[in-house]
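Data from input38.cif: mmCIF, N, CA and C atoms
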```
data_data
loop_
_atom_site.label_atom_id
_atom_site.label_comp_id
_atom_site.auth_asym_id
_atom_site.auth_seq_id
_atom_site.Cartn_x
_atom_site.Cartn_y
_atom_site.Cartn_z
N MET A 828 2.66 14.23 -2.00
CA MET A 828 2.62 14.29 -3.44
C MET A 828 2.37 15.72 -3.86
N ALA A 829 3.11 16.19 -4.81
CA ALA A 829 2.95 17.55 -5.29
C ALA A 829 1.67 17.68 -6.10
N ARG A 830 1.00 18.80 -5.91
CA ARG A 830 -0.21 19.07 -6.70
C ARG A 830 0.16 20.07 -7.77
N ARG A 831 -0.16 19.73 -9.00
CA ARG A 831 0.12 20.62 -10.12
C ARG A 831 -1.15 20.79 -10.93
N ASN A 832 -1.27 21.94 -11.50
CA ASN A 832 -2.36 22.14 -12.45
C ASN A 832 -1.91 21.61 -13.79
N GLY A 833 -2.86 21.15 -14.62
CA GLY A 833 -2.57 20.56 -15.93
C GLY A 833 -1.48 21.30 -16.67
N PRO A 834 -1.16 20.93 -17.86
CA PRO A 834 -1.78 19.80 -18.56
C PRO A 834 -1.17 18.47 -18.10
N PHE A 835 -1.97 17.44 -18.20
CA PHE A 835 -1.53 16.10 -17.84
C PHE A 835 -1.50 15.23 -19.08
N ASP A 836 -0.63 14.26 -19.07
CA ASP A 836 -0.57 13.29 -20.17
C ASP A 836 -1.63 12.22 -20.01
N LEU A 837 -2.01 11.95 -18.76
CA LEU A 837 -2.94 10.85 -18.49
C LEU A 837 -3.79 11.18 -17.29
N ALA A 838 -5.08 10.95 -17.40
CA ALA A 838 -6.00 11.04 -16.27
C ALA A 838 -6.49 9.63 -15.96
N VAL A 839 -6.23 9.17 -14.76
CA VAL A 839 -6.68 7.85 -14.33
C VAL A 839 -7.91 8.05 -13.47
N VAL A 840 -9.00 7.42 -13.84
CA VAL A 840 -10.23 7.52 -13.07
C VAL A 840 -10.34 6.27 -12.21
N GLY A 841 -10.23 6.48 -10.90
CA GLY A 841 -10.30 5.39 -9.95
C GLY A 841 -8.98 5.19 -9.25
N ALA A 842 -8.99 5.33 -7.91
CA ALA A 842 -7.77 5.18 -7.12
C ALA A 842 -7.71 3.82 -6.43
N GLY A 843 -8.32 2.83 -7.07
CA GLY A 843 -8.19 1.46 -6.57
C GLY A 843 -6.82 0.93 -6.92
N ILE A 844 -6.61 -0.32 -6.61
CA ILE A 844 -5.28 -0.91 -6.81
C ILE A 844 -4.86 -0.88 -8.28
N VAL A 845 -5.80 -1.11 -9.20
CA VAL A 845 -5.46 -1.10 -10.63
C VAL A 845 -5.20 0.32 -11.10
N GLY A 846 -6.04 1.26 -10.69
CA GLY A 846 -5.84 2.65 -11.09
C GLY A 846 -4.50 3.19 -10.60
N LEU A 847 -4.18 2.89 -9.33
CA LEU A 847 -2.91 3.37 -8.79
C LEU A 847 -1.72 2.69 -9.45
N ALA A 848 -1.86 1.41 -9.79
CA ALA A 848 -0.78 0.71 -10.49
C ALA A 848 -0.55 1.33 -11.87
N CYS A 849 -1.63 1.64 -12.57
CA CYS A 849 -1.51 2.27 -13.90
C CYS A 849 -0.88 3.66 -13.78
N ALA A 850 -1.33 4.43 -12.79
CA ALA A 850 -0.78 5.77 -12.59
C ALA A 850 0.70 5.69 -12.24
N ASN A 851 1.07 4.74 -11.41
CA ASN A 851 2.47 4.58 -11.03
C ASN A 851 3.33 4.22 -12.23
N ALA A 852 2.84 3.29 -13.05
CA ALA A 852 3.60 2.88 -14.24
C ALA A 852 3.79 4.06 -15.20
N ALA A 853 2.73 4.83 -15.40
CA ALA A 853 2.82 5.97 -16.31
C ALA A 853 3.76 7.04 -15.75
N ALA A 854 3.68 7.29 -14.44
CA ALA A 854 4.56 8.29 -13.83
C ALA A 854 6.02 7.86 -13.92
N ARG A 855 6.28 6.57 -13.73
CA ARG A 855 7.66 6.07 -13.83
C ARG A 855 8.18 6.16 -15.26
N ALA A 856 7.25 6.17 -16.21
CA ALA A 856 7.64 6.31 -17.62
C ALA A 856 7.76 7.78 -18.02
N GLY A 857 7.64 8.69 -17.04
CA GLY A 857 7.84 10.11 -17.31
C GLY A 857 6.58 10.87 -17.68
N LYS A 858 5.42 10.26 -17.56
CA LYS A 858 4.17 10.94 -17.89
C LYS A 858 3.69 11.76 -16.70
N ARG A 859 3.02 12.85 -17.00
CA ARG A 859 2.36 13.66 -15.95
C ARG A 859 0.97 13.07 -15.76
N VAL A 860 0.70 12.59 -14.55
CA VAL A 860 -0.52 11.83 -14.30
C VAL A 860 -1.35 12.50 -13.21
N VAL A 861 -2.66 12.48 -13.39
CA VAL A 861 -3.58 12.89 -12.34
C VAL A 861 -4.51 11.71 -12.08
N VAL A 862 -4.78 11.44 -10.78
CA VAL A 862 -5.68 10.36 -10.39
C VAL A 862 -6.94 11.00 -9.81
N LEU A 863 -8.08 10.62 -10.34
CA LEU A 863 -9.36 11.15 -9.89
C LEU A 863 -10.18 10.03 -9.28
N ASP A 864 -10.81 10.31 -8.15
CA ASP A 864 -11.63 9.29 -7.50
C ASP A 864 -12.64 9.96 -6.60
N ARG A 865 -13.84 9.41 -6.56
CA ARG A 865 -14.86 9.99 -5.69
C ARG A 865 -14.62 9.62 -4.24
N ASP A 866 -13.93 8.53 -3.98
CA ASP A 866 -13.63 8.13 -2.61
C ASP A 866 -12.31 7.36 -2.57
N ALA A 867 -11.23 8.09 -2.72
CA ALA A 867 -9.91 7.47 -2.75
C ALA A 867 -9.60 6.76 -1.45
N CYS A 868 -10.13 7.25 -0.34
CA CYS A 868 -9.86 6.64 0.96
C CYS A 868 -10.38 5.21 1.00
N ALA A 869 -11.59 4.99 0.56
CA ALA A 869 -12.16 3.63 0.54
C ALA A 869 -11.38 2.73 -0.40
N ASN A 870 -11.01 3.25 -1.55
CA ASN A 870 -10.25 2.44 -2.50
C ASN A 870 -8.87 2.09 -1.98
N MET A 871 -8.25 3.01 -1.27
CA MET A 871 -6.94 2.72 -0.71
C MET A 871 -7.05 1.63 0.36
N PHE A 872 -8.14 1.66 1.13
CA PHE A 872 -8.34 0.59 2.12
C PHE A 872 -8.49 -0.75 1.40
N ASP A 873 -9.28 -0.77 0.33
CA ASP A 873 -9.45 -2.01 -0.44
C ASP A 873 -8.13 -2.50 -1.01
N ALA A 874 -7.27 -1.57 -1.44
CA ALA A 874 -5.96 -1.95 -1.97
C ALA A 874 -5.10 -2.57 -0.87
N MET A 875 -5.13 -1.95 0.32
CA MET A 875 -4.36 -2.49 1.44
C MET A 875 -4.86 -3.89 1.80
N GLU A 876 -6.16 -4.06 1.83
CA GLU A 876 -6.74 -5.37 2.16
C GLU A 876 -6.34 -6.42 1.13
N ALA A 877 -6.38 -6.06 -0.14
CA ALA A 877 -6.03 -7.01 -1.21
C ALA A 877 -4.57 -7.43 -1.11
N ILE A 878 -3.68 -6.49 -0.85
CA ILE A 878 -2.25 -6.81 -0.73
C ILE A 878 -2.01 -7.69 0.49
N ALA A 879 -2.69 -7.41 1.60
CA ALA A 879 -2.54 -8.22 2.81
C ALA A 879 -2.96 -9.67 2.53
N LYS A 880 -4.07 -9.85 1.81
CA LYS A 880 -4.55 -11.20 1.50
C LYS A 880 -3.55 -11.97 0.64
N VAL A 881 -2.95 -11.29 -0.32
CA VAL A 881 -1.96 -11.94 -1.19
C VAL A 881 -0.71 -12.29 -0.39
N LYS A 882 -0.18 -11.32 0.35
CA LYS A 882 1.06 -11.53 1.08
C LYS A 882 0.94 -12.59 2.17
N LEU A 883 -0.25 -12.71 2.76
CA LEU A 883 -0.46 -13.70 3.82
C LEU A 883 -1.05 -15.00 3.29
N ASN A 884 -1.26 -15.06 1.97
CA ASN A 884 -1.84 -16.24 1.33
C ASN A 884 -3.19 -16.60 1.95
N MET A 885 -4.04 -15.58 2.08
CA MET A 885 -5.37 -15.73 2.67
C MET A 885 -6.41 -15.09 1.75
N PRO A 886 -6.61 -15.65 0.54
CA PRO A 886 -7.43 -14.97 -0.46
C PRO A 886 -8.88 -14.72 -0.07
N SER A 887 -9.46 -15.53 0.79
CA SER A 887 -10.87 -15.34 1.13
C SER A 887 -11.07 -14.78 2.54
N ALA A 888 -10.00 -14.37 3.19
CA ALA A 888 -10.08 -13.87 4.57
C ALA A 888 -10.59 -12.43 4.61
N THR A 889 -11.11 -12.06 5.75
CA THR A 889 -11.42 -10.65 5.99
C THR A 889 -10.12 -9.95 6.38
N PHE A 890 -10.13 -8.63 6.34
CA PHE A 890 -8.94 -7.90 6.76
C PHE A 890 -8.68 -8.13 8.25
N GLY A 891 -9.74 -8.25 9.03
CA GLY A 891 -9.59 -8.55 10.45
C GLY A 891 -8.86 -9.87 10.68
N ASN A 892 -9.19 -10.88 9.86
CA ASN A 892 -8.48 -12.16 9.96
C ASN A 892 -7.00 -12.00 9.58
N CYS A 893 -6.74 -11.21 8.55
CA CYS A 893 -5.36 -10.95 8.15
C CYS A 893 -4.58 -10.30 9.28
N LEU A 894 -5.20 -9.35 9.97
CA LEU A 894 -4.52 -8.68 11.08
C LEU A 894 -4.28 -9.65 12.24
N SER A 895 -5.22 -10.56 12.48
CA SER A 895 -5.01 -11.56 13.54
C SER A 895 -3.81 -12.44 13.24
N VAL A 896 -3.68 -12.85 11.99
CA VAL A 896 -2.53 -13.67 11.60
C VAL A 896 -1.25 -12.86 11.68
N ALA A 897 -1.30 -11.60 11.26
CA ALA A 897 -0.13 -10.73 11.35
C ALA A 897 0.31 -10.59 12.81
N ARG A 898 -0.65 -10.48 13.71
CA ARG A 898 -0.32 -10.37 15.14
C ARG A 898 0.28 -11.69 15.65
N GLU A 899 -0.34 -12.82 15.29
CA GLU A 899 0.16 -14.14 15.74
C GLU A 899 1.58 -14.40 15.26
N ARG A 900 1.88 -13.98 14.04
CA ARG A 900 3.21 -14.21 13.46
C ARG A 900 4.21 -13.10 13.79
N SER A 901 3.77 -12.10 14.54
CA SER A 901 4.61 -10.94 14.88
C SER A 901 5.22 -10.29 13.65
N ILE A 902 4.39 -10.14 12.61
CA ILE A 902 4.85 -9.55 11.36
C ILE A 902 5.16 -8.06 11.52
N PHE A 903 4.31 -7.38 12.28
CA PHE A 903 4.50 -5.95 12.55
C PHE A 903 4.44 -5.74 14.06
N LEU A 904 4.87 -4.57 14.50
CA LEU A 904 4.74 -4.21 15.91
C LEU A 904 3.26 -4.23 16.31
N PRO A 905 2.95 -4.62 17.54
CA PRO A 905 1.55 -4.64 17.97
C PRO A 905 0.85 -3.29 17.81
N GLN A 906 1.58 -2.19 18.03
CA GLN A 906 0.98 -0.87 17.90
C GLN A 906 0.54 -0.60 16.46
N VAL A 907 1.30 -1.08 15.49
CA VAL A 907 0.94 -0.90 14.07
C VAL A 907 -0.33 -1.68 13.77
N ILE A 908 -0.39 -2.90 14.25
CA ILE A 908 -1.58 -3.73 14.02
C ILE A 908 -2.79 -3.10 14.71
N ASP A 909 -2.59 -2.50 15.88
CA ASP A 909 -3.69 -1.82 16.57
C ASP A 909 -4.25 -0.67 15.75
N VAL A 910 -3.37 0.12 15.13
CA VAL A 910 -3.83 1.25 14.31
C VAL A 910 -4.60 0.73 13.09
N LEU A 911 -4.05 -0.27 12.41
CA LEU A 911 -4.75 -0.83 11.24
C LEU A 911 -6.06 -1.47 11.66
N GLY A 912 -6.08 -2.11 12.82
CA GLY A 912 -7.32 -2.71 13.33
C GLY A 912 -8.35 -1.65 13.66
N GLY A 913 -7.92 -0.53 14.22
CA GLY A 913 -8.84 0.57 14.51
C GLY A 913 -9.46 1.12 13.24
N LEU A 914 -8.66 1.27 12.21
CA LEU A 914 -9.19 1.74 10.93
C LEU A 914 -10.18 0.74 10.35
N ASN A 915 -9.89 -0.54 10.50
CA ASN A 915 -10.81 -1.59 10.03
C ASN A 915 -12.13 -1.52 10.79
N GLU A 916 -12.09 -1.24 12.09
CA GLU A 916 -13.32 -1.11 12.88
C GLU A 916 -14.15 0.07 12.39
N VAL A 917 -13.50 1.19 12.10
CA VAL A 917 -14.23 2.35 11.58
C VAL A 917 -14.93 1.97 10.28
N ARG A 918 -14.21 1.30 9.41
CA ARG A 918 -14.80 0.88 8.13
C ARG A 918 -16.00 -0.02 8.36
N ASN A 919 -15.85 -1.03 9.20
CA ASN A 919 -16.93 -2.00 9.40
C ASN A 919 -18.13 -1.40 10.12
N LYS A 920 -17.91 -0.51 11.08
CA LYS A 920 -19.02 0.09 11.82
C LYS A 920 -19.82 1.05 10.95
N ARG A 921 -19.13 1.76 10.08
CA ARG A 921 -19.82 2.75 9.26
C ARG A 921 -20.37 2.18 7.96
N PHE A 922 -19.73 1.12 7.44
CA PHE A 922 -20.09 0.69 6.10
C PHE A 922 -20.29 -0.81 5.95
N GLY A 923 -19.81 -1.62 6.86
CA GLY A 923 -19.84 -3.06 6.65
C GLY A 923 -18.82 -3.43 5.60
N HIS A 924 -18.78 -4.69 5.25
CA HIS A 924 -17.82 -5.14 4.25
C HIS A 924 -18.26 -4.68 2.87
N GLY A 925 -17.31 -4.30 2.06
CA GLY A 925 -17.61 -3.88 0.70
C GLY A 925 -17.60 -2.39 0.50
N MET A 926 -17.75 -1.62 1.56
CA MET A 926 -17.71 -0.16 1.49
C MET A 926 -18.49 0.39 0.31
N THR A 927 -19.80 0.24 0.38
CA THR A 927 -20.65 0.71 -0.72
C THR A 927 -20.89 2.20 -0.66
N GLU A 928 -20.51 2.86 0.43
CA GLU A 928 -20.67 4.31 0.56
C GLU A 928 -19.32 4.94 0.86
N PRO A 929 -19.14 6.21 0.49
CA PRO A 929 -17.88 6.87 0.79
C PRO A 929 -17.69 7.06 2.30
N PHE A 930 -16.43 7.18 2.73
CA PHE A 930 -16.16 7.53 4.12
C PHE A 930 -16.85 8.85 4.42
N SER A 931 -17.51 8.94 5.55
CA SER A 931 -18.12 10.22 5.95
C SER A 931 -17.38 10.74 7.17
N LEU A 932 -16.15 11.15 6.94
CA LEU A 932 -15.28 11.61 8.01
C LEU A 932 -14.91 13.06 7.78
N SER A 933 -14.38 13.68 8.81
CA SER A 933 -13.89 15.06 8.65
C SER A 933 -12.68 15.03 7.72
N PRO A 934 -12.32 16.18 7.14
CA PRO A 934 -11.15 16.20 6.26
C PRO A 934 -9.88 15.68 6.95
N ALA A 935 -9.68 16.03 8.21
CA ALA A 935 -8.49 15.55 8.92
C ALA A 935 -8.54 14.04 9.11
N GLU A 936 -9.73 13.51 9.41
CA GLU A 936 -9.87 12.06 9.57
C GLU A 936 -9.65 11.34 8.25
N VAL A 937 -10.12 11.92 7.16
CA VAL A 937 -9.90 11.33 5.84
C VAL A 937 -8.40 11.29 5.55
N ASP A 938 -7.70 12.38 5.81
CA ASP A 938 -6.25 12.42 5.59
C ASP A 938 -5.55 11.34 6.41
N PHE A 939 -5.93 11.22 7.68
CA PHE A 939 -5.31 10.21 8.54
C PHE A 939 -5.61 8.80 8.03
N ALA A 940 -6.87 8.54 7.69
CA ALA A 940 -7.25 7.21 7.20
C ALA A 940 -6.52 6.88 5.91
N TYR A 941 -6.45 7.84 4.99
CA TYR A 941 -5.78 7.60 3.71
C TYR A 941 -4.30 7.31 3.92
N LEU A 942 -3.63 8.14 4.72
CA LEU A 942 -2.20 7.94 4.96
C LEU A 942 -1.92 6.64 5.71
N THR A 943 -2.82 6.27 6.61
CA THR A 943 -2.68 4.99 7.32
C THR A 943 -2.78 3.84 6.33
N CYS A 944 -3.72 3.94 5.39
CA CYS A 944 -3.85 2.90 4.37
C CYS A 944 -2.62 2.83 3.48
N VAL A 945 -2.08 3.98 3.10
CA VAL A 945 -0.86 4.00 2.29
C VAL A 945 0.26 3.31 3.06
N ALA A 946 0.40 3.63 4.34
CA ALA A 946 1.43 2.98 5.16
C ALA A 946 1.18 1.47 5.23
N GLY A 947 -0.08 1.06 5.36
CA GLY A 947 -0.41 -0.37 5.39
C GLY A 947 -0.05 -1.06 4.10
N VAL A 948 -0.31 -0.41 2.99
CA VAL A 948 0.05 -0.97 1.68
C VAL A 948 1.56 -1.20 1.62
N ILE A 949 2.32 -0.19 2.03
CA ILE A 949 3.78 -0.30 2.00
C ILE A 949 4.26 -1.41 2.94
N LEU A 950 3.70 -1.47 4.14
CA LEU A 950 4.11 -2.50 5.10
C LEU A 950 3.86 -3.91 4.56
N PHE A 951 2.66 -4.13 4.06
CA PHE A 951 2.34 -5.48 3.55
C PHE A 951 3.13 -5.79 2.28
N ALA A 952 3.29 -4.79 1.40
CA ALA A 952 4.00 -5.02 0.14
C ALA A 952 5.47 -5.36 0.38
N ARG A 953 6.07 -4.80 1.41
CA ARG A 953 7.47 -5.03 1.70
C ARG A 953 7.71 -6.27 2.57
N ARG A 954 6.65 -6.88 3.00
CA ARG A 954 6.75 -8.05 3.88
C ARG A 954 7.44 -9.19 3.17
#
```
Could I get this structure in the form of structure tokens?
Amino acid sequence: MARRNGPFDLAVVGAGIVGLACANAAARAGKRVVVLDRDACANMFDAMEAIAKVKLNMPSATFGNCLSVARERSIFLPQVIDVLGGLNEVRNKRFGHGMTEPFSLSPAEVDFAYLTCVAGVILFARR
């Protein structure tokens, strides 16, 4: 994504699923949008988890359960599920469910985690 300095037509506070949906809609309508978030990585993980639950029709499941079903149904390559599962383990070991604290990772790890979540969102959304 290109980084530009203002002025912007819209500032969206929060990179959760609703914030990103609003930013996407505004950008598609030709608006210059900036998304601000204190922990976009955690919110992107939550967005990926929410989409997985909807697509797999498992509204009360954990993300780990969603990945188990994805593996059983051969929805994605096993290597893809392994990467998403590894990210889920990092989240659970450091924060437990709910992610009440920001990711405390190096900048490179944050970039990897964020991009992995974006890929997960796309994979589940296109399923």
(Q) Show me the residues around (-3.1, -1.9, 4.1) - criterion: an atom at most 6 Å away, only C-alpha atoms counted - as a ChimeraX atom specification. (A) /A:875-876,944,947-948
Q) In Å, with one decimal, what is the gap from atom C of Val937 of chain A to atom N of Ala842 of chain A? A)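 One can read the atom C of Val937 of chain A to atom N of Ala842 of chain A distance as 14.7 Å.
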(Q) Which of chain A end up as helix (DSSP H, G or I) when DSSP is run on this backbone - answer as a ChimeraX atom specification? (A) /A:844-855,867-882,890-899,905-922,934-952
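Comparing the minimum interatomic distances between Phe872 of chain A and each of A:Asp938, A:Gly843, A:Asp909, A:Pro886, counting only N, CA and C atoms, we find that A:Gly843 sits nearest.
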Q. Where does DSSP see strand (DSSP E) in chain A, if you list the residues as a list of chain:residue names?
A.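 Put together, the selection reads A:Leu837, A:Ala838, A:Val839, A:Val840, A:Val860, A:Val861, A:Val862, A:Leu863.
In terms of minimum interatomic distance to Glu916 of chain A, A:Gly891 ranks closest within A:Val845, A:Gly891, A:Arg898, A:Ala838, counting only N, CA and C atoms.
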With the file shown as input, list the residues that the PyMOL selection byres (((chain A and resi 940-942 and name CA) around 12) and name CA) selects, as a PDB file with N, CA and C atoms, in the coordinates of the input.
```pdb
ATOM      1  N   MET A 828       2.660  14.230  -2.000  1.00  0.00           N
ATOM      2  CA  MET A 828       2.620  14.290  -3.440  1.00  0.00           C
ATOM      3  C   MET A 828       2.370  15.720  -3.860  1.00  0.00           C
ATOM      4  N   ALA A 842      -8.990   5.330  -7.910  1.00  0.00           N
ATOM      5  CA  ALA A 842      -7.770   5.180  -7.120  1.00  0.00           C
ATOM      6  C   ALA A 842      -7.710   3.820  -6.430  1.00  0.00           C
ATOM      7  N   ASP A 866     -13.930   8.530  -3.980  1.00  0.00           N
ATOM      8  CA  ASP A 866     -13.630   8.130  -2.610  1.00  0.00           C
ATOM      9  C   ASP A 866     -12.310   7.360  -2.570  1.00  0.00           C
ATOM     10  N   ALA A 867     -11.230   8.090  -2.720  1.00  0.00           N
ATOM     11  CA  ALA A 867      -9.910   7.470  -2.750  1.00  0.00           C
ATOM     12  C   ALA A 867      -9.600   6.760  -1.450  1.00  0.00           C
ATOM     13  N   CYS A 868     -10.130   7.250  -0.340  1.00  0.00           N
ATOM     14  CA  CYS A 868      -9.860   6.640   0.960  1.00  0.00           C
ATOM     15  C   CYS A 868     -10.380   5.210   1.000  1.00  0.00           C
ATOM     16  N   ALA A 869     -11.590   4.990   0.560  1.00  0.00           N
ATOM     17  CA  ALA A 869     -12.160   3.630   0.540  1.00  0.00           C
ATOM     18  C   ALA A 869     -11.380   2.730  -0.400  1.00  0.00           C
ATOM     19  N   ASN A 870     -11.010   3.250  -1.550  1.00  0.00           N
ATOM     20  CA  ASN A 870     -10.250   2.440  -2.500  1.00  0.00           C
ATOM     21  C   ASN A 870      -8.870   2.090  -1.980  1.00  0.00           C
ATOM     22  N   MET A 871      -8.250   3.010  -1.270  1.00  0.00           N
ATOM     23  CA  MET A 871      -6.940   2.720  -0.710  1.00  0.00           C
ATOM     24  C   MET A 871      -7.050   1.630   0.360  1.00  0.00           C
ATOM     25  N   PHE A 872      -8.140   1.660   1.130  1.00  0.00           N
ATOM     26  CA  PHE A 872      -8.340   0.590   2.120  1.00  0.00           C
ATOM     27  C   PHE A 872      -8.490  -0.750   1.400  1.00  0.00           C
ATOM     28  N   ASP A 873      -9.280  -0.770   0.330  1.00  0.00           N
ATOM     29  CA  ASP A 873      -9.450  -2.010  -0.440  1.00  0.00           C
ATOM     30  C   ASP A 873      -8.130  -2.500  -1.010  1.00  0.00           C
ATOM     31  N   ALA A 874      -7.270  -1.570  -1.440  1.00  0.00           N
ATOM     32  CA  ALA A 874      -5.960  -1.950  -1.970  1.00  0.00           C
ATOM     33  C   ALA A 874      -5.100  -2.570  -0.870  1.00  0.00           C
ATOM     34  N   MET A 875      -5.130  -1.950   0.320  1.00  0.00           N
ATOM     35  CA  MET A 875      -4.360  -2.490   1.440  1.00  0.00           C
ATOM     36  C   MET A 875      -4.860  -3.890   1.800  1.00  0.00           C
ATOM     37  N   VAL A 910      -3.370   0.120  15.130  1.00  0.00           N
ATOM     38  CA  VAL A 910      -3.830   1.250  14.310  1.00  0.00           C
ATOM     39  C   VAL A 910      -4.600   0.730  13.090  1.00  0.00           C
ATOM     40  N   LEU A 911      -4.050  -0.270  12.410  1.00  0.00           N
ATOM     41  CA  LEU A 911      -4.750  -0.830  11.240  1.00  0.00           C
ATOM     42  C   LEU A 911      -6.060  -1.470  11.660  1.00  0.00           C
ATOM     43  N   GLY A 912      -6.080  -2.110  12.820  1.00  0.00           N
ATOM     44  CA  GLY A 912      -7.320  -2.710  13.330  1.00  0.00           C
ATOM     45  C   GLY A 912      -8.350  -1.650  13.660  1.00  0.00           C
ATOM     46  N   GLY A 913      -7.920  -0.530  14.220  1.00  0.00           N
ATOM     47  CA  GLY A 913      -8.840   0.570  14.510  1.00  0.00           C
ATOM     48  C   GLY A 913      -9.460   1.120  13.240  1.00  0.00           C
ATOM     49  N   LEU A 914      -8.660   1.270  12.210  1.00  0.00           N
ATOM     50  CA  LEU A 914      -9.190   1.740  10.930  1.00  0.00           C
ATOM     51  C   LEU A 914     -10.180   0.740  10.350  1.00  0.00           C
ATOM     52  N   ASN A 915      -9.890  -0.540  10.500  1.00  0.00           N
ATOM     53  CA  ASN A 915     -10.810  -1.590  10.030  1.00  0.00           C
ATOM     54  C   ASN A 915     -12.130  -1.520  10.790  1.00  0.00           C
ATOM     55  N   GLU A 916     -12.090  -1.240  12.090  1.00  0.00           N
ATOM     56  CA  GLU A 916     -13.320  -1.110  12.880  1.00  0.00           C
ATOM     57  C   GLU A 916     -14.150   0.070  12.390  1.00  0.00           C
ATOM     58  N   VAL A 917     -13.500   1.190  12.100  1.00  0.00           N
ATOM     59  CA  VAL A 917     -14.230   2.350  11.580  1.00  0.00           C
ATOM     60  C   VAL A 917     -14.930   1.970  10.280  1.00  0.00           C
ATOM     61  N   ARG A 918     -14.210   1.300   9.410  1.00  0.00           N
ATOM     62  CA  ARG A 918     -14.800   0.880   8.130  1.00  0.00           C
ATOM     63  C   ARG A 918     -16.000  -0.020   8.360  1.00  0.00           C
ATOM     64  N   PHE A 930     -16.430   7.180   2.730  1.00  0.00           N
ATOM     65  CA  PHE A 930     -16.160   7.530   4.120  1.00  0.00           C
ATOM     66  C   PHE A 930     -16.850   8.850   4.420  1.00  0.00           C
ATOM     67  N   SER A 931     -17.510   8.940   5.550  1.00  0.00           N
ATOM     68  CA  SER A 931     -18.120  10.220   5.950  1.00  0.00           C
ATOM     69  C   SER A 931     -17.380  10.740   7.170  1.00  0.00           C
ATOM     70  N   LEU A 932     -16.150  11.150   6.940  1.00  0.00           N
ATOM     71  CA  LEU A 932     -15.280  11.610   8.010  1.00  0.00           C
ATOM     72  C   LEU A 932     -14.910  13.060   7.780  1.00  0.00           C
ATOM     73  N   SER A 933     -14.380  13.680   8.810  1.00  0.00           N
ATOM     74  CA  SER A 933     -13.890  15.060   8.650  1.00  0.00           C
ATOM     75  C   SER A 933     -12.680  15.030   7.720  1.00  0.00           C
ATOM     76  N   PRO A 934     -12.320  16.180   7.140  1.00  0.00           N
ATOM     77  CA  PRO A 934     -11.150  16.200   6.260  1.00  0.00           C
ATOM     78  C   PRO A 934      -9.880  15.680   6.950  1.00  0.00           C
ATOM     79  N   ALA A 935      -9.680  16.030   8.210  1.00  0.00           N
ATOM     80  CA  ALA A 935      -8.490  15.550   8.920  1.00  0.00           C
ATOM     81  C   ALA A 935      -8.540  14.040   9.110  1.00  0.00           C
ATOM     82  N   GLU A 936      -9.730  13.510   9.410  1.00  0.00           N
ATOM     83  CA  GLU A 936      -9.870  12.060   9.570  1.00  0.00           C
ATOM     84  C   GLU A 936      -9.650  11.340   8.250  1.00  0.00           C
ATOM     85  N   VAL A 937     -10.120  11.920   7.160  1.00  0.00           N
ATOM     86  CA  VAL A 937      -9.900  11.330   5.840  1.00  0.00           C
ATOM     87  C   VAL A 937      -8.400  11.290   5.550  1.00  0.00           C
ATOM     88  N   ASP A 938      -7.700  12.380   5.810  1.00  0.00           N
ATOM     89  CA  ASP A 938      -6.250  12.420   5.590  1.00  0.00           C
ATOM     90  C   ASP A 938      -5.550  11.340   6.410  1.00  0.00           C
ATOM     91  N   PHE A 939      -5.930  11.220   7.680  1.00  0.00           N
ATOM     92  CA  PHE A 939      -5.310  10.210   8.540  1.00  0.00           C
ATOM     93  C   PHE A 939      -5.610   8.800   8.030  1.00  0.00           C
ATOM     94  N   THR A 943      -2.820   6.270   6.610  1.00  0.00           N
ATOM     95  CA  THR A 943      -2.680   4.990   7.320  1.00  0.00           C
ATOM     96  C   THR A 943      -2.780   3.840   6.330  1.00  0.00           C
ATOM     97  N   CYS A 944      -3.720   3.940   5.390  1.00  0.00           N
ATOM     98  CA  CYS A 944      -3.850   2.900   4.370  1.00  0.00           C
ATOM     99  C   CYS A 944      -2.620   2.830   3.480  1.00  0.00           C
ATOM    100  N   VAL A 945      -2.080   3.980   3.100  1.00  0.00           N
ATOM    101  CA  VAL A 945      -0.860   4.000   2.290  1.00  0.00           C
ATOM    102  C   VAL A 945       0.260   3.310   3.060  1.00  0.00           C
ATOM    103  N   ALA A 946       0.400   3.630   4.340  1.00  0.00           N
ATOM    104  CA  ALA A 946       1.430   2.980   5.160  1.00  0.00           C
ATOM    105  C   ALA A 946       1.180   1.470   5.230  1.00  0.00           C
ATOM    106  N   GLY A 947      -0.080   1.060   5.360  1.00  0.00           N
ATOM    107  CA  GLY A 947      -0.410  -0.370   5.390  1.00  0.00           C
ATOM    108  C   GLY A 947      -0.050  -1.060   4.100  1.00  0.00           C
ATOM    109  N   VAL A 948      -0.310  -0.410   2.990  1.00  0.00           N
ATOM    110  CA  VAL A 948       0.050  -0.970   1.680  1.00  0.00           C
ATOM    111  C   VAL A 948       1.560  -1.200   1.620  1.00  0.00           C
ATOM    112  N   ILE A 949       2.320  -0.190   2.030  1.00  0.00           N
ATOM    113  CA  ILE A 949       3.780  -0.300   2.000  1.00  0.00           C
ATOM    114  C   ILE A 949       4.260  -1.410   2.940  1.00  0.00           C
TER     115      ILE A 949
END
```
(Q) Please compute the atom N of Ile878 of chain A-atom N of Asn919 of chain A distance, one decimal, in Å. (A) 16.7 Å
(Q) What does the structure give for the distance between atom CA of Gly841 of chain A and atom CA of Ala853 of chain A, in Å to one decimal? (A)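 Between atom CA of Gly841 of chain A and atom CA of Ala853 of chain A the gap works out to 14.6 Å.
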Q: Give me the residues within 6.5 Å of Arg859 of chain A as a PyMOL selection string, counting all atoms listed in the file and dropping any in the same chain fewer than 2 places off.
A: chain A and resi 834-837+853-854+857+861
